[in-house]
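J.: Can you read through this structure? Questions will come right after.
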Amino acid sequence: MRTQLQPQPRRFYFTIPSINIYDWVVACGFTEAKQLAHATWGTHYRELQWLTPDRHSEVKLPHF
C-alpha cells in the first residue's frame with residue numbers, strides 16, 4: 001500500500017508595489033497561497049506580484 005506524502009507548508013512571498021506592501025502567506029501549495037492572499041488583500045489582488053524565492057533571505061527588497 002502506497003501513501004502519498006502531504007506537501008509541507010511553506011511561505012509564499014508577494015508584493016503590492018502601489019501600496020508599498022511586502023508580505024507572505026503560509027500554504028502547502030500555490031493555489032492555497034493565492035486564496036489566502038486574496039482573503040487578506042482582495043481589494044488589491046490584481047496588483048499583487050508573486051516573488052520567486054522560497055526563503056526570506058533570498059528576497060531582494062528595494063533600497064528606499
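Lettering and numbering for the C-alpha cells are positional, with chains as A, B, ... in the shown order, residues counted from 1 in each chain, and ligands counted from 1 in the shown order.
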Residues at most 7 Å from Asp23 (chain A), counting only C-alpha atoms, excluding those fewer than 3 positions away in the same chain, as a PDB file with C-alpha atoms, in the first residue's frame?
T.:
ATOM      1  CA  TYR A  13       6.151  35.871  -0.767  1.00  0.00           C
ATOM      2  CA  PHE A  14       4.445  38.659  -2.683  1.00  0.00           C
ATOM      3  CA  THR A  15       4.466  42.415  -3.116  1.00  0.00           C
TER       4      THR A  15
END
J.: Using only C-alpha atoms, which protein or nucleic acid residues come within 12 Å of Phe30 (chain A)? Drop anything in the same chain fewer than 3 positions from it, and give the result as a short mmCIF file (atom, residue, chain, number, x, y, z; two decimals) with C-alpha atoms, in the first residue's frame.
T.:
data_model
loop_
_atom_site.label_atom_id
_atom_site.label_comp_id
_atom_site.auth_asym_id
_atom_site.auth_seq_id
_atom_site.Cartn_x
_atom_site.Cartn_y
_atom_site.Cartn_z
CA PRO A 7 3.32 18.82 0.94
CA PRO A 9 3.62 24.23 4.43
CA ARG A 10 5.98 26.95 3.26
CA ARG A 11 5.99 30.69 2.79
CA PHE A 12 4.91 32.28 -0.46
CA TYR A 13 6.15 35.87 -0.77
CA PHE A 14 4.44 38.66 -2.68
CA TRP A 24 3.84 36.36 2.73
CA VAL A 25 1.34 33.60 3.38
CA VAL A 26 1.99 30.10 4.69
CA ALA A 27 0.43 27.42 2.49
CA ALA A 33 -1.40 30.71 -1.21
CA LYS A 34 -3.41 32.66 -3.80
CA GLN A 35 -6.63 32.04 -1.87
CA LEU A 36 -5.06 33.23 1.40
CA ALA A 37 -3.57 36.34 -0.22
CA TRP A 50 4.43 36.92 -6.53
CA LEU A 51 8.11 36.75 -5.65
CA THR A 52 10.06 33.68 -6.69
CA ASP A 54 11.38 30.39 -1.18
#
J.: By how many Å are CA of Gly29 (chain A) and CA of Gln6 (chain A) apart?
T.: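 The value is 10.3 Å.
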J.: Would you kindly return, as a list in words, each protein, DNA or RNA residue with an atom no farther than 12 Å from any atom of Ser18 (chain A), considering only C-alpha atoms and excluding same-chain residues fewer than 5 positions away?
T.: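 My list of contacting residues is His44, Tyr45, Arg46, Glu47, Leu48 and Gln49 of chain A.
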J.: Deliver the residues from the most recent selection as a file, using all heavy atoms, as a PDB file, in the first residue's frame.
T.:
ATOM      1  N   HIS A  44      -6.742  44.674  -3.522  1.00  0.00           N
ATOM      2  CA  HIS A  44      -5.528  44.970  -4.294  1.00  0.00           C
ATOM      3  C   HIS A  44      -4.989  43.723  -5.005  1.00  0.00           C
ATOM      4  O   HIS A  44      -3.859  43.737  -5.490  1.00  0.00           O
ATOM      5  CB  HIS A  44      -4.439  45.523  -3.361  1.00  0.00           C
ATOM      6  CG  HIS A  44      -4.817  46.796  -2.694  1.00  0.00           C
ATOM      7  ND1 HIS A  44      -4.780  48.001  -3.335  1.00  0.00           N
ATOM      8  CD2 HIS A  44      -5.281  47.050  -1.445  1.00  0.00           C
ATOM      9  CE1 HIS A  44      -5.174  48.951  -2.510  1.00  0.00           C
ATOM     10  NE2 HIS A  44      -5.489  48.383  -1.348  1.00  0.00           N
ATOM     11  N   TYR A  45      -5.791  42.678  -5.075  1.00  0.00           N
ATOM     12  CA  TYR A  45      -5.292  41.402  -5.585  1.00  0.00           C
ATOM     13  C   TYR A  45      -4.784  41.492  -7.023  1.00  0.00           C
ATOM     14  O   TYR A  45      -3.824  40.833  -7.383  1.00  0.00           O
ATOM     15  CB  TYR A  45      -6.371  40.318  -5.471  1.00  0.00           C
ATOM     16  CG  TYR A  45      -5.846  38.942  -5.791  1.00  0.00           C
ATOM     17  CD1 TYR A  45      -5.070  38.250  -4.867  1.00  0.00           C
ATOM     18  CD2 TYR A  45      -6.092  38.349  -7.026  1.00  0.00           C
ATOM     19  CE1 TYR A  45      -4.558  37.002  -5.149  1.00  0.00           C
ATOM     20  CE2 TYR A  45      -5.582  37.099  -7.316  1.00  0.00           C
ATOM     21  CZ  TYR A  45      -4.824  36.430  -6.380  1.00  0.00           C
ATOM     22  OH  TYR A  45      -4.312  35.198  -6.683  1.00  0.00           O
ATOM     23  N   ARG A  46      -5.410  42.305  -7.850  1.00  0.00           N
ATOM     24  CA  ARG A  46      -4.969  42.430  -9.256  1.00  0.00           C
ATOM     25  C   ARG A  46      -3.561  43.014  -9.372  1.00  0.00           C
ATOM     26  O   ARG A  46      -2.889  42.804 -10.374  1.00  0.00           O
ATOM     27  CB  ARG A  46      -5.941  43.287 -10.058  1.00  0.00           C
ATOM     28  CG  ARG A  46      -7.252  42.599 -10.307  1.00  0.00           C
ATOM     29  CD  ARG A  46      -8.175  43.499 -11.092  1.00  0.00           C
ATOM     30  NE  ARG A  46      -9.404  42.801 -11.371  1.00  0.00           N
ATOM     31  CZ  ARG A  46      -9.811  42.480 -12.584  1.00  0.00           C
ATOM     32  NH1 ARG A  46      -9.081  42.807 -13.620  1.00  0.00           N
ATOM     33  NH2 ARG A  46     -10.941  41.847 -12.765  1.00  0.00           N
ATOM     34  N   GLU A  47      -3.134  43.739  -8.364  1.00  0.00           N
ATOM     35  CA  GLU A  47      -1.804  44.355  -8.381  1.00  0.00           C
ATOM     36  C   GLU A  47      -0.738  43.463  -7.744  1.00  0.00           C
ATOM     37  O   GLU A  47       0.446  43.770  -7.805  1.00  0.00           O
ATOM     38  CB  GLU A  47      -1.843  45.675  -7.618  1.00  0.00           C
ATOM     39  CG  GLU A  47      -2.877  46.653  -8.124  1.00  0.00           C
ATOM     40  CD  GLU A  47      -3.053  47.791  -7.150  1.00  0.00           C
ATOM     41  OE1 GLU A  47      -2.042  48.428  -6.808  1.00  0.00           O
ATOM     42  OE2 GLU A  47      -4.194  48.017  -6.717  1.00  0.00           O
ATOM     43  N   LEU A  48      -1.157  42.399  -7.119  1.00  0.00           N
ATOM     44  CA  LEU A  48      -0.257  41.521  -6.375  1.00  0.00           C
ATOM     45  C   LEU A  48       0.749  40.853  -7.321  1.00  0.00           C
ATOM     46  O   LEU A  48       0.381  40.357  -8.374  1.00  0.00           O
ATOM     47  CB  LEU A  48      -1.094  40.460  -5.660  1.00  0.00           C
ATOM     48  CG  LEU A  48      -0.399  39.639  -4.602  1.00  0.00           C
ATOM     49  CD1 LEU A  48      -1.334  39.459  -3.430  1.00  0.00           C
ATOM     50  CD2 LEU A  48      -0.020  38.318  -5.171  1.00  0.00           C
ATOM     51  N   GLN A  49       2.022  40.884  -6.942  1.00  0.00           N
ATOM     52  CA  GLN A  49       3.089  40.262  -7.727  1.00  0.00           C
ATOM     53  C   GLN A  49       3.783  39.233  -6.846  1.00  0.00           C
ATOM     54  O   GLN A  49       4.293  39.575  -5.778  1.00  0.00           O
ATOM     55  CB  GLN A  49       4.106  41.309  -8.192  1.00  0.00           C
ATOM     56  CG  GLN A  49       3.522  42.341  -9.096  1.00  0.00           C
ATOM     57  CD  GLN A  49       4.512  43.467  -9.378  1.00  0.00           C
ATOM     58  OE1 GLN A  49       5.668  43.424  -8.947  1.00  0.00           O
ATOM     59  NE2 GLN A  49       4.068  44.463 -10.102  1.00  0.00           N
TER      60      GLN A  49
END
